[in-house]
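K.L.:
My file is run.cif. It has mmCIF, C-alpha atoms:
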data_upload
loop_
_atom_site.label_atom_id
_atom_site.label_comp_id
_atom_site.auth_asym_id
_atom_site.auth_seq_id
_atom_site.Cartn_x
_atom_site.Cartn_y
_atom_site.Cartn_z
CA MET A 1 67.85 123.69 83.70
CA LYS A 2 70.71 124.02 86.15
CA ASN A 3 73.32 121.28 86.28
CA ALA A 4 75.47 120.00 89.12
CA LEU A 5 78.45 117.72 88.55
CA LEU A 6 79.02 115.37 91.48
CA ILE A 7 82.39 113.66 91.86
CA ILE A 8 82.15 110.87 94.42
CA ASP A 9 84.95 109.40 96.56
CA MET A 10 87.82 110.05 94.15
CA GLN A 11 90.20 109.99 97.12
CA ASN A 12 93.60 108.35 97.33
CA ASP A 13 92.29 105.63 99.69
CA PHE A 14 90.03 104.37 96.89
CA VAL A 15 92.01 105.24 93.77
CA LEU A 16 95.75 104.76 94.30
CA PRO A 17 97.25 101.30 93.62
CA GLY A 18 97.58 99.40 96.89
CA ALA A 19 95.19 101.70 98.74
CA PRO A 20 93.21 100.03 101.56
CA LEU A 21 89.88 100.32 99.73
CA HIS A 22 91.30 100.28 96.21
CA VAL A 23 88.69 100.09 93.44
CA ALA A 24 90.19 98.40 90.39
CA GLY A 25 88.58 100.65 87.78
CA ALA A 26 88.86 104.00 89.55
CA ALA A 27 92.21 105.34 88.30
CA ALA A 28 91.19 104.79 84.68
CA THR A 29 88.28 107.21 85.10
CA ILE A 30 90.42 110.16 86.21
CA PRO A 31 90.94 111.59 82.69
CA VAL A 32 87.22 111.35 81.89
CA ILE A 33 86.20 113.00 85.17
CA LYS A 34 88.88 115.68 84.74
CA LYS A 35 87.50 116.57 81.33
CA LEU A 36 83.95 116.76 82.76
CA LEU A 37 85.21 118.91 85.61
CA GLU A 38 86.82 121.29 83.12
CA LEU A 39 83.60 121.35 81.10
CA ALA A 40 81.61 122.08 84.26
CA ARG A 41 83.99 124.90 85.17
CA SER A 42 83.78 126.42 81.69
CA ARG A 43 79.97 126.24 81.69
CA ASN A 44 79.62 127.42 85.25
CA TRP A 45 77.78 124.28 86.38
CA GLU A 46 77.79 123.66 90.09
CA ARG A 47 80.66 121.34 91.07
CA ILE A 48 80.25 119.26 94.20
CA HIS A 49 83.05 117.04 95.45
CA ILE A 50 81.71 114.26 97.65
CA ILE A 51 84.24 112.73 100.00
CA ARG A 52 84.16 109.94 102.53
CA GLN A 53 85.38 111.08 105.95
CA HIS A 54 85.79 109.15 109.21
CA ARG A 55 86.97 109.75 112.74
CA ARG A 56 90.24 108.04 113.59
CA ASP A 57 88.49 105.67 116.02
CA GLY A 58 86.07 104.46 113.34
CA SER A 59 83.03 105.33 115.43
CA ASP A 60 81.30 106.77 112.38
CA THR A 61 82.00 104.00 109.87
CA GLU A 62 79.77 101.09 108.86
CA SER A 63 79.90 98.60 111.73
CA TRP A 64 81.32 95.82 109.49
CA ARG A 65 84.31 98.03 108.67
CA VAL A 66 85.28 99.09 112.18
CA SER A 67 88.25 96.69 112.22
CA LEU A 68 89.95 98.83 109.56
CA PHE A 69 90.17 101.44 112.32
CA THR A 70 90.72 99.31 115.42
CA LYS A 71 93.27 96.94 113.86
CA GLY A 72 94.74 99.44 111.38
CA PRO A 73 95.07 103.14 110.63
CA GLY A 74 91.54 103.44 109.20
CA VAL A 75 90.52 105.06 105.93
CA CYS A 76 89.58 108.58 104.86
CA VAL A 77 90.72 110.11 108.13
CA PRO A 78 91.09 113.89 107.68
CA GLY A 79 94.71 115.00 107.53
CA THR A 80 95.98 111.74 106.05
CA ASP A 81 97.18 111.33 102.46
CA GLY A 82 94.51 108.70 101.87
CA ALA A 83 91.68 111.11 102.64
CA ARG A 84 92.80 113.62 100.00
CA ILE A 85 91.09 113.90 96.64
CA VAL A 86 93.40 112.66 93.85
CA GLU A 87 95.65 115.46 92.67
CA GLU A 88 94.18 115.69 89.16
CA LEU A 89 90.71 116.46 90.55
CA THR A 90 91.69 118.90 93.31
CA PRO A 91 88.76 121.23 94.04
CA THR A 92 89.11 124.95 93.51
CA ALA A 93 88.16 127.33 96.30
CA ASP A 94 84.73 128.04 94.80
CA GLU A 95 83.70 124.40 94.59
CA HIS A 96 81.56 122.64 97.17
CA ILE A 97 82.76 119.76 99.31
CA ILE A 98 80.34 117.46 101.10
CA ALA A 99 81.66 114.86 103.53
CA LYS A 100 79.70 111.66 104.12
CA CYS A 101 80.18 108.54 106.21
CA ARG A 102 77.94 106.06 104.39
CA PHE A 103 77.33 105.14 100.74
CA SER A 104 74.80 107.69 99.55
CA ALA A 105 75.96 111.30 99.38
CA PHE A 106 72.47 112.21 100.62
CA PHE A 107 72.60 110.01 103.74
CA GLN A 108 72.50 112.41 106.69
CA THR A 109 74.31 115.16 104.80
CA SER A 110 73.25 118.61 103.61
CA LEU A 111 73.48 117.70 99.91
CA ASP A 112 69.73 117.91 99.23
CA LEU A 113 69.47 121.29 100.95
CA LEU A 114 72.51 122.54 99.00
CA LEU A 115 71.11 121.40 95.63
CA ARG A 116 67.76 123.07 96.37
CA ARG A 117 69.41 126.30 97.40
CA LEU A 118 71.52 126.26 94.24
CA GLY A 119 68.40 125.62 92.14
CA VAL A 120 69.80 122.46 90.58
CA GLN A 121 67.53 120.18 88.50
CA ASN A 122 70.07 117.92 86.76
CA VAL A 123 72.39 115.87 88.95
CA ILE A 124 75.30 114.42 86.95
CA ILE A 125 77.09 111.65 88.80
CA THR A 126 80.72 110.53 88.43
CA GLY A 127 83.17 108.72 90.72
CA THR A 128 83.43 105.42 92.54
CA GLN A 129 82.18 102.84 93.08
CA TYR A 130 79.16 101.60 91.11
CA PRO A 131 77.35 99.28 93.54
CA ASN A 132 77.81 101.40 96.64
CA CYS A 133 78.27 105.16 96.59
CA VAL A 134 77.46 105.78 92.93
CA ARG A 135 74.24 103.78 92.99
CA GLY A 136 73.24 104.88 96.48
CA THR A 137 73.60 108.52 95.50
CA ALA A 138 71.86 108.04 92.14
CA VAL A 139 68.85 106.26 93.70
CA ASP A 140 68.44 108.97 96.34
CA ALA A 141 68.79 111.74 93.73
CA MET A 142 66.09 110.08 91.60
CA SER A 143 63.88 109.51 94.65
CA LEU A 144 64.20 113.22 95.50
CA ASP A 145 63.01 114.12 91.98
CA TYR A 146 66.28 115.31 90.49
CA ARG A 147 66.86 114.42 86.86
CA THR A 148 69.61 111.94 87.51
CA ILE A 149 72.37 111.14 85.04
CA VAL A 150 75.13 108.61 85.72
CA VAL A 151 78.12 109.05 83.40
CA THR A 152 79.10 105.45 82.75
CA ASP A 153 82.72 105.91 81.69
CA ALA A 154 83.30 108.30 84.58
CA CYS A 155 82.23 105.73 87.20
CA SER A 156 84.05 102.59 88.25
CA ALA A 157 83.79 99.22 89.99
CA GLN A 158 85.99 96.27 90.91
CA THR A 159 84.94 94.41 87.76
CA GLU A 160 83.20 95.16 84.48
CA GLU A 161 80.47 92.67 85.40
CA ILE A 162 79.66 94.61 88.57
CA ALA A 163 79.57 97.86 86.62
CA LEU A 164 77.23 96.45 83.96
CA SER A 165 74.76 94.81 86.37
CA ASN A 166 74.46 98.06 88.30
CA ILE A 167 73.94 100.09 85.12
CA ARG A 168 71.19 97.62 84.13
CA ASP A 169 69.44 98.01 87.49
CA MET A 170 69.74 101.82 87.49
CA ARG A 171 68.30 102.07 83.98
CA ASN A 172 65.34 99.97 85.16
CA MET A 173 64.80 102.60 87.89
CA GLY A 174 64.49 105.49 85.46
CA ILE A 175 68.05 106.71 86.00
CA THR A 176 69.76 107.90 82.80
CA CYS A 177 73.10 106.12 82.22
CA ILE A 178 75.13 107.54 79.35
CA THR A 179 78.76 108.07 78.36
CA ALA A 180 80.59 111.36 78.76
CA ALA A 181 80.42 111.89 74.99
CA GLU A 182 76.62 111.63 75.12
CA LEU A 183 76.22 114.09 77.99
CA GLU A 184 76.37 117.46 76.24
CA PRO A 185 74.01 116.51 73.39
CA LEU A 186 71.51 115.17 75.95
CA LEU A 187 71.64 118.31 78.08
CA GLU A 188 71.26 120.53 75.00
CA GLN A 189 68.26 118.50 73.93
CA GLN A 190 66.67 118.77 77.41
CA ASN A 191 67.32 122.47 77.66
CA GLY A 192 66.46 123.29 74.07
CA MET B 1 68.84 90.38 120.43
CA LYS B 2 65.39 91.42 119.23
CA ASN B 3 64.30 90.48 115.71
CA ALA B 4 61.99 92.18 113.27
CA LEU B 5 60.68 90.46 110.15
CA LEU B 6 60.06 92.91 107.31
CA ILE B 7 57.82 91.88 104.41
CA ILE B 8 58.20 94.33 101.54
CA ASP B 9 55.69 95.15 98.80
CA MET B 10 53.96 91.75 98.69
CA GLN B 11 50.88 93.46 97.27
CA ASN B 12 48.66 92.26 94.44
CA ASP B 13 49.98 94.98 92.08
CA PHE B 14 53.44 93.37 92.24
CA VAL B 15 52.63 89.72 92.81
CA LEU B 16 49.52 88.64 90.84
CA PRO B 17 49.98 87.44 87.24
CA GLY B 18 49.24 90.29 84.84
CA ALA B 19 49.57 92.94 87.54
CA PRO B 20 50.82 96.35 86.32
CA LEU B 21 54.16 96.06 88.13
CA HIS B 22 54.33 92.27 88.17
CA VAL B 23 57.62 90.84 89.43
CA ALA B 24 58.24 87.46 87.80
CA GLY B 25 59.65 85.76 90.89
CA ALA B 26 57.35 87.18 93.55
CA ALA B 27 54.51 84.64 93.69
CA ALA B 28 56.96 81.78 94.18
CA THR B 29 58.21 83.34 97.42
CA ILE B 30 54.80 83.44 99.11
CA PRO B 31 55.10 80.00 100.80
CA VAL B 32 58.60 80.83 102.12
CA ILE B 33 57.50 84.22 103.46
CA LYS B 34 54.34 82.69 104.95
CA LYS B 35 56.43 80.15 106.85
CA LEU B 36 58.73 82.91 108.13
CA LEU B 37 55.71 84.97 109.15
CA GLU B 38 54.35 82.01 111.12
CA LEU B 39 57.76 81.52 112.72
CA ALA B 40 57.90 85.21 113.63
CA ARG B 41 54.41 85.02 115.15
CA SER B 42 55.27 81.93 117.19
CA ARG B 43 58.51 83.50 118.46
CA ASN B 44 56.95 86.88 119.08
CA TRP B 45 59.35 88.70 116.75
CA GLU B 46 58.18 92.07 115.55
CA ARG B 47 56.41 91.81 112.19
CA ILE B 48 56.41 94.83 109.95
CA HIS B 49 54.53 94.84 106.67
CA ILE B 50 55.94 97.41 104.27
CA ILE B 51 53.58 98.53 101.54
CA ARG B 52 53.84 100.91 98.62
CA GLN B 53 51.06 103.50 98.64
CA HIS B 54 50.29 106.31 96.19
CA ARG B 55 47.73 109.03 95.71
CA ARG B 56 45.40 108.47 92.76
CA ASP B 57 46.90 111.41 90.88
CA GLY B 58 50.43 110.00 91.13
CA SER B 59 51.78 113.15 92.73
CA ASP B 60 53.77 111.07 95.21
CA THR B 61 55.32 108.53 92.83
CA GLU B 62 58.73 108.56 91.19
CA SER B 63 58.57 111.15 88.40
CA TRP B 64 59.38 108.56 85.70
CA ARG B 65 56.31 106.54 86.72
CA VAL B 66 53.73 109.33 86.72
CA SER B 67 52.25 108.16 83.41
CA LEU B 68 50.97 105.00 85.14
CA PHE B 69 48.66 107.40 87.00
CA THR B 70 47.91 110.02 84.34
CA LYS B 71 47.38 107.55 81.48
CA GLY B 72 46.07 104.66 83.59
CA PRO B 73 44.55 103.82 86.96
CA GLY B 74 47.87 103.98 88.83
CA VAL B 75 49.30 101.40 91.21
CA CYS B 76 49.04 100.79 94.93
CA VAL B 77 46.22 103.27 95.36
CA PRO B 78 44.52 102.69 98.74
CA GLY B 79 41.14 101.04 98.41
CA THR B 80 41.98 99.18 95.20
CA ASP B 81 42.53 95.43 94.96
CA GLY B 82 46.04 96.02 93.66
CA ALA B 83 47.09 97.86 96.81
CA ARG B 84 46.14 94.97 99.09
CA ILE B 85 48.71 92.62 100.55
CA VAL B 86 48.38 89.15 99.01
CA GLU B 87 45.82 87.12 100.89
CA GLU B 88 48.28 84.52 102.23
CA LEU B 89 50.30 87.21 104.03
CA THR B 90 47.43 89.29 105.43
CA PRO B 91 48.60 91.15 108.55
CA THR B 92 46.99 90.49 111.90
CA ALA B 93 45.72 93.40 113.96
CA ASP B 94 48.84 93.45 116.16
CA GLU B 95 51.29 93.72 113.25
CA HIS B 96 52.79 96.97 112.04
CA ILE B 97 52.17 98.43 108.62
CA ILE B 98 54.45 101.09 107.14
CA ALA B 99 53.51 102.80 103.88
CA LYS B 100 56.24 104.17 101.62
CA CYS B 101 56.31 105.90 98.24
CA ARG B 102 59.90 105.19 97.14
CA PHE B 103 62.17 102.12 97.11
CA SER B 104 63.66 102.08 100.61
CA ALA B 105 61.26 101.41 103.48
CA PHE B 106 63.32 103.98 105.43
CA PHE B 107 62.92 106.78 102.87
CA GLN B 108 60.90 109.47 104.61
CA THR B 109 58.98 106.98 106.73
CA SER B 110 58.88 106.32 110.48
CA LEU B 111 60.47 102.86 110.17
CA ASP B 112 63.74 103.79 111.89
CA LEU B 113 61.91 105.42 114.79
CA LEU B 114 59.63 102.38 115.10
CA LEU B 115 62.54 99.91 115.13
CA ARG B 116 64.34 101.94 117.80
CA ARG B 117 61.24 102.17 119.97
CA LEU B 118 60.72 98.42 119.64
CA GLY B 119 64.35 97.82 120.58
CA VAL B 120 65.11 95.84 117.43
CA GLN B 121 68.71 94.91 116.55
CA ASN B 122 68.21 92.30 113.81
CA VAL B 123 66.30 93.34 110.70
CA ILE B 124 65.25 90.33 108.61
CA ILE B 125 64.21 91.30 105.09
CA THR B 126 61.81 89.48 102.76
CA GLY B 127 59.68 90.57 99.82
CA THR B 128 60.12 92.14 96.41
CA GLN B 129 62.02 93.17 94.43
CA TYR B 130 65.75 92.64 94.78
CA PRO B 131 67.30 95.63 92.95
CA ASN B 132 64.87 98.24 94.21
CA CYS B 133 62.94 97.97 97.46
CA VAL B 134 64.75 94.96 98.93
CA ARG B 135 68.23 96.35 98.31
CA GLY B 136 67.28 99.95 99.13
CA THR B 137 65.84 98.87 102.47
CA ALA B 138 68.76 96.55 103.24
CA VAL B 139 71.39 99.23 102.52
CA ASP B 140 69.60 101.77 104.70
CA ALA B 141 69.17 99.23 107.53
CA MET B 142 72.89 98.41 107.37
CA SER B 143 73.80 102.12 107.21
CA LEU B 144 71.68 102.73 110.32
CA ASP B 145 73.63 100.01 112.17
CA TYR B 146 71.00 97.30 112.25
CA ARG B 147 72.26 93.75 111.81
CA THR B 148 70.76 93.22 108.41
CA ILE B 149 69.76 89.84 107.03
CA VAL B 150 68.27 89.34 103.57
CA VAL B 151 66.49 85.98 103.22
CA THR B 152 67.41 85.04 99.68
CA ASP B 153 64.63 82.55 98.89
CA ALA B 154 62.06 84.93 100.40
CA CYS B 155 63.00 87.78 98.02
CA SER B 156 62.41 88.01 94.30
CA ALA B 157 63.35 89.73 91.04
CA GLN B 158 62.40 89.67 87.38
CA THR B 159 65.24 87.25 86.59
CA GLU B 160 67.62 84.98 88.46
CA GLU B 161 70.56 86.98 87.09
CA ILE B 162 69.22 90.19 88.64
CA ALA B 163 68.69 88.41 91.96
CA LEU B 164 72.22 86.99 91.99
CA SER B 165 74.02 90.20 91.05
CA ASN B 166 72.19 92.05 93.81
CA ILE B 167 73.00 89.36 96.37
CA ARG B 168 76.66 89.60 95.33
CA ASP B 169 76.68 93.40 95.80
CA MET B 170 74.86 93.24 99.14
CA ARG B 171 77.27 90.64 100.50
CA ASN B 172 80.14 92.94 99.52
CA MET B 173 78.47 95.63 101.68
CA GLY B 174 78.45 93.53 104.82
CA ILE B 175 74.80 92.54 104.49
CA THR B 176 74.11 88.91 105.44
CA CYS B 177 72.31 87.03 102.65
CA ILE B 178 71.12 83.55 103.64
CA THR B 179 68.28 81.14 102.91
CA ALA B 180 65.24 80.71 105.16
CA ALA B 181 66.61 77.35 106.31
CA GLU B 182 69.81 79.04 107.49
CA LEU B 183 68.04 81.79 109.42
CA GLU B 184 67.19 80.11 112.71
CA PRO B 185 70.62 78.51 113.21
CA LEU B 186 72.27 81.89 112.52
CA LEU B 187 70.06 83.74 115.01
CA GLU B 188 70.63 81.09 117.66
CA GLN B 189 74.36 81.35 117.13
CA GLN B 190 74.23 85.17 117.40
CA ASN B 191 72.08 85.12 120.50
CA GLY B 192 73.82 82.23 122.17
#
Using the file provided, produce a representation of the structure as C-alpha cells.

P.N.:
Amino acid sequence: MKNALLIIDMQNDFVLPGAPLHVAGAAATIPVIKKLLELARSRNWERIHIIRQHRRDGSDTESWRVSLFTKGPGVCVPGTDGARIVEELTPTADEHIIAKCRFSAFFQTSLDLLLRRLGVQNVIITGTQYPNCVRGTAVDAMSLDYRTIVVTDACSAQTEEIALSNIRDMRNMGITCITAAELEPLLEQQNG
Amino acid sequence: MKNALLIIDMQNDFVLPGAPLHVAGAAATIPVIKKLLELARSRNWERIHIIRQHRRDGSDTESWRVSLFTKGPGVCVPGTDGARIVEELTPTADEHIIAKCRFSAFFQTSLDLLLRRLGVQNVIITGTQYPNCVRGTAVDAMSLDYRTIVVTDACSAQTEEIALSNIRDMRNMGITCITAAELEPLLEQQNG
C-alpha cells in the first residue's frame, strides 16, 4: 500500500497570529505535522503540499470572500508573505505542490490524477481547517475510493467544538480519524 | 434571478421507519418539503429531485458500504421500493431527476451542466441528511458560485446536535441557512 501525506493550507495567511484568515488552532499543529513530514520523508511516502492560491483581483475566490480582495490586499496571493507555507514545513524540491482555489484539494485540481499516477492508496490528511478544507478534501478522497485517514492532532479549527463535531461526522462517513501516534501502527497493520 | 428547488435523497430507504439507512429526522420534514415543492410548482421554479442510485452488486457505492450489498439486498437499487421517492414528494413528469452515487449531488453528475442550461442562480436545498448529502451538495453549489440556500426545517439529520453543528459550519462558509418561512421574503428582497 502506497501512502501520500497531504498537508493542507499551512500558509502564513492561515497560521500566523493576526493573519487575515487566522485559524486559532493551526500554529499548535506545526510540530505534529513537521514530525509526520519527517516520517514521510524517511519512509519515502509521497508528500503533497496543498496550498490556497488566488489572483490579486479575487476573481477566483469564493464569491462571499471577494471583498477581502476588493477592499483589502486579498489572501494567498502568489509572491506575498501570506501565501508562503510556514517556514517549518517548507517543501523540498522533490515534493509536490498543488494549488487550489476552493475548499477541497480535489476541486478542479489535478490531485486525483497525480495520486493515481503515483499509485497511492492511502491518503493521510493534515493541515487546516477542519470544517472546510480538511473535511472537503477527506470526503472527496473517500468518495474517490482512497483509504482516507485524517490525523486528528495534525488538523485544526477555530474551536475544539468545531474540530470534534467534524471528526464525529467524518467517522460516520467511513473516514478514519486517528492521532499521529496511532498512524504507524495502523499502517503496519493494514500493510502486514 | 432564477430559482431551483433541490430535494435530496427523500427516498424510502432513508425516510421510512426501519429503513436500512433510516435518518431519524427525515420523515418530519416531508410536510415542509411538500409545501416548498407546491410553492416551486406554482412559481414555476425549476424542481430537481436528487436520488441515490446503486447497482445491485454495490460496485458503485462507497467502499465502506459495500457489505450492505454483498451481505444484504443493498440500498437504493432501481426497481425496489426502497429506491422510490416517498409518495408525498413524487415528481411530476416535467420535473428533473438526477441520480448520484456519492454524497454531493454534483459529484460526477450532470447537475452543474443542467443548472447552467436552465439559467439558475439560486440553488435552494432541502432533503437529507445534513452532514453528508445536504452539506456536500451545498458546499459544491457555493464553490460553483451559485447563491446557495439551505432550508433548515426542510433538511434532517440523526440528531439535533448534528443538524446544528452542520448549520454552524455552513454559515461560516457563506452558505445561507434559513427556515422555509424566511425563504420567500429573502428571495423577494434579492430579486427586488

K.L.:
Quick check: residues of chain A within 12 Å of chain B, all atoms listed in the file, returned as number ranges by chain.

P.N.:
A: 59-66, 100-104, 106-108, 129-133, 135-148, 157-159, 161-176

K.L.:
Limited to C-alpha atoms, could you put the picked residues into a file as an mmCIF file, keeping the file's coordinate frame?

P.N.:
data_model
loop_
_atom_site.group_PDB
_atom_site.id
_atom_site.type_symbol
_atom_site.label_atom_id
_atom_site.label_comp_id
_atom_site.auth_asym_id
_atom_site.auth_seq_id
_atom_site.Cartn_x
_atom_site.Cartn_y
_atom_site.Cartn_z
ATOM 1 C CA SER A 59 83.030 105.330 115.430
ATOM 2 C CA ASP A 60 81.300 106.770 112.380
ATOM 3 C CA THR A 61 82.000 104.000 109.870
ATOM 4 C CA GLU A 62 79.770 101.090 108.860
ATOM 5 C CA SER A 63 79.900 98.600 111.730
ATOM 6 C CA TRP A 64 81.320 95.820 109.490
ATOM 7 C CA ARG A 65 84.310 98.030 108.670
ATOM 8 C CA VAL A 66 85.280 99.090 112.180
ATOM 9 C CA LYS A 100 79.700 111.660 104.120
ATOM 10 C CA CYS A 101 80.180 108.540 106.210
ATOM 11 C CA ARG A 102 77.940 106.060 104.390
ATOM 12 C CA PHE A 103 77.330 105.140 100.740
ATOM 13 C CA SER A 104 74.800 107.690 99.550
ATOM 14 C CA PHE A 106 72.470 112.210 100.620
ATOM 15 C CA PHE A 107 72.600 110.010 103.740
ATOM 16 C CA GLN A 108 72.500 112.410 106.690
ATOM 17 C CA GLN A 129 82.180 102.840 93.080
ATOM 18 C CA TYR A 130 79.160 101.600 91.110
ATOM 19 C CA PRO A 131 77.350 99.280 93.540
ATOM 20 C CA ASN A 132 77.810 101.400 96.640
ATOM 21 C CA CYS A 133 78.270 105.160 96.590
ATOM 22 C CA ARG A 135 74.240 103.780 92.990
ATOM 23 C CA GLY A 136 73.240 104.880 96.480
ATOM 24 C CA THR A 137 73.600 108.520 95.500
ATOM 25 C CA ALA A 138 71.860 108.040 92.140
ATOM 26 C CA VAL A 139 68.850 106.260 93.700
ATOM 27 C CA ASP A 140 68.440 108.970 96.340
ATOM 28 C CA ALA A 141 68.790 111.740 93.730
ATOM 29 C CA MET A 142 66.090 110.080 91.600
ATOM 30 C CA SER A 143 63.880 109.510 94.650
ATOM 31 C CA LEU A 144 64.200 113.220 95.500
ATOM 32 C CA ASP A 145 63.010 114.120 91.980
ATOM 33 C CA TYR A 146 66.280 115.310 90.490
ATOM 34 C CA ARG A 147 66.860 114.420 86.860
ATOM 35 C CA THR A 148 69.610 111.940 87.510
ATOM 36 C CA ALA A 157 83.790 99.220 89.990
ATOM 37 C CA GLN A 158 85.990 96.270 90.910
ATOM 38 C CA THR A 159 84.940 94.410 87.760
ATOM 39 C CA GLU A 161 80.470 92.670 85.400
ATOM 40 C CA ILE A 162 79.660 94.610 88.570
ATOM 41 C CA ALA A 163 79.570 97.860 86.620
ATOM 42 C CA LEU A 164 77.230 96.450 83.960
ATOM 43 C CA SER A 165 74.760 94.810 86.370
ATOM 44 C CA ASN A 166 74.460 98.060 88.300
ATOM 45 C CA ILE A 167 73.940 100.090 85.120
ATOM 46 C CA ARG A 168 71.190 97.620 84.130
ATOM 47 C CA ASP A 169 69.440 98.010 87.490
ATOM 48 C CA MET A 170 69.740 101.820 87.490
ATOM 49 C CA ARG A 171 68.300 102.070 83.980
ATOM 50 C CA ASN A 172 65.340 99.970 85.160
ATOM 51 C CA MET A 173 64.800 102.600 87.890
ATOM 52 C CA GLY A 174 64.490 105.490 85.460
ATOM 53 C CA ILE A 175 68.050 106.710 86.000
ATOM 54 C CA THR A 176 69.760 107.900 82.800
#

K.L.:
Calculate how many Å separate CA of Asn191 (chain A) from CA of Lys2 (chain A), rounding to one decimal.

P.N.:
9.3 Å

K.L.:
Give me the residues within 7 Å of region 30-37 of chain B as an NGL selection string, counting all atoms listed in the file and dropping any in the same chain fewer than 4 places off.

P.N.:
:B and (41 or 88-89 or 126 or 154)

K.L.:
Evaluate the PyMOL selection byres ((chain B and resi 87) around 12) on the structure here and hand back the selected residues as a list in words.

P.N.:
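After applying the PyMOL selection byres ((chain B and resi 87) around 12), what remains is Met10, Gln11, Asn12, Val15, Leu16, Ala27, Ile30, Pro31, Lys34, Asp81, Gly82, Ala83, Arg84, Ile85, Val86, Glu88, Leu89, Thr90, Pro91 and Thr92 of chain B.
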
K.L.:
If you measure from CA of Ser156 (chain B) to CA of Ile178 (chain B), what distance in Å do you get, rounded to one decimal?

P.N.:
13.5 Å

K.L.:
As an exercise, work out the distance from CA of Thr80 (chain B) to CA of Asp57 (chain B) in Å and give it to one decimal place.

P.N.:
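Computed distance, CA of Thr80 (chain B) to CA of Asp57 (chain B), equals 13.9 Å.
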
K.L.:
Can you pull out every residue within 10 Å of Leu115 (chain B), counting only C-alpha atoms, but drop anything in the same chain fewer than 5 positions away, and send it as a list of chain:residue names?

P.N.:
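Result of the neighbour search: B:Lys2, B:Asn3, B:Ala4, B:Glu46, B:Ile48, B:Ser110, B:Val120, B:Gln121, B:Asn122, B:Val123, B:Tyr146.
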
K.L.:
Just need the box for region 4-13 of chain A, edges along x, y and z, holding every atom the file lists for it with 6 Å tacked onto each side, so centre and edge lengths in Å to one decimal, as JSON.

P.N.:
{"center_x": 84.5, "center_y": 112.8, "center_z": 94.1, "size_x": 30.1, "size_y": 26.4, "size_z": 23.1}

K.L.:
Applied to this file, what does the PyMOL selection byres ((chain B and resi 47) around 7) return in terms of residues, put as a list in words?

P.N.:
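Output of the PyMOL selection byres ((chain B and resi 47) around 7): Ala4, Leu5, Leu6, Ala40, Trp45, Glu46, Ile48, His49, Glu95 and His96 of chain B.
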
K.L.:
Considering all atoms listed in the file, return as a list in words whatever protein or nucleic-acid residues lie within 8 Å of Val75 (chain A), sequence-local ones (same chain, fewer than 4 positions apart) excluded.

P.N.:
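With the cut-off at 8 Å, the set is Asp13, Pro20, Leu21, Gln53, His54, Leu68, Phe69, Gly82 and Ala83 of chain A.
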
K.L.:
Let me make sure I understand: among B:Ala26, B:Ile7, B:Leu118, B:Cys76, which one has the smallest atom-to-atom distance to Val150 (chain B) if we use all atoms listed in the file?

P.N.:
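Ranking B:Ala26, B:Ile7, B:Leu118, B:Cys76 by distance to Val150 (chain B), first place goes to B:Ile7.
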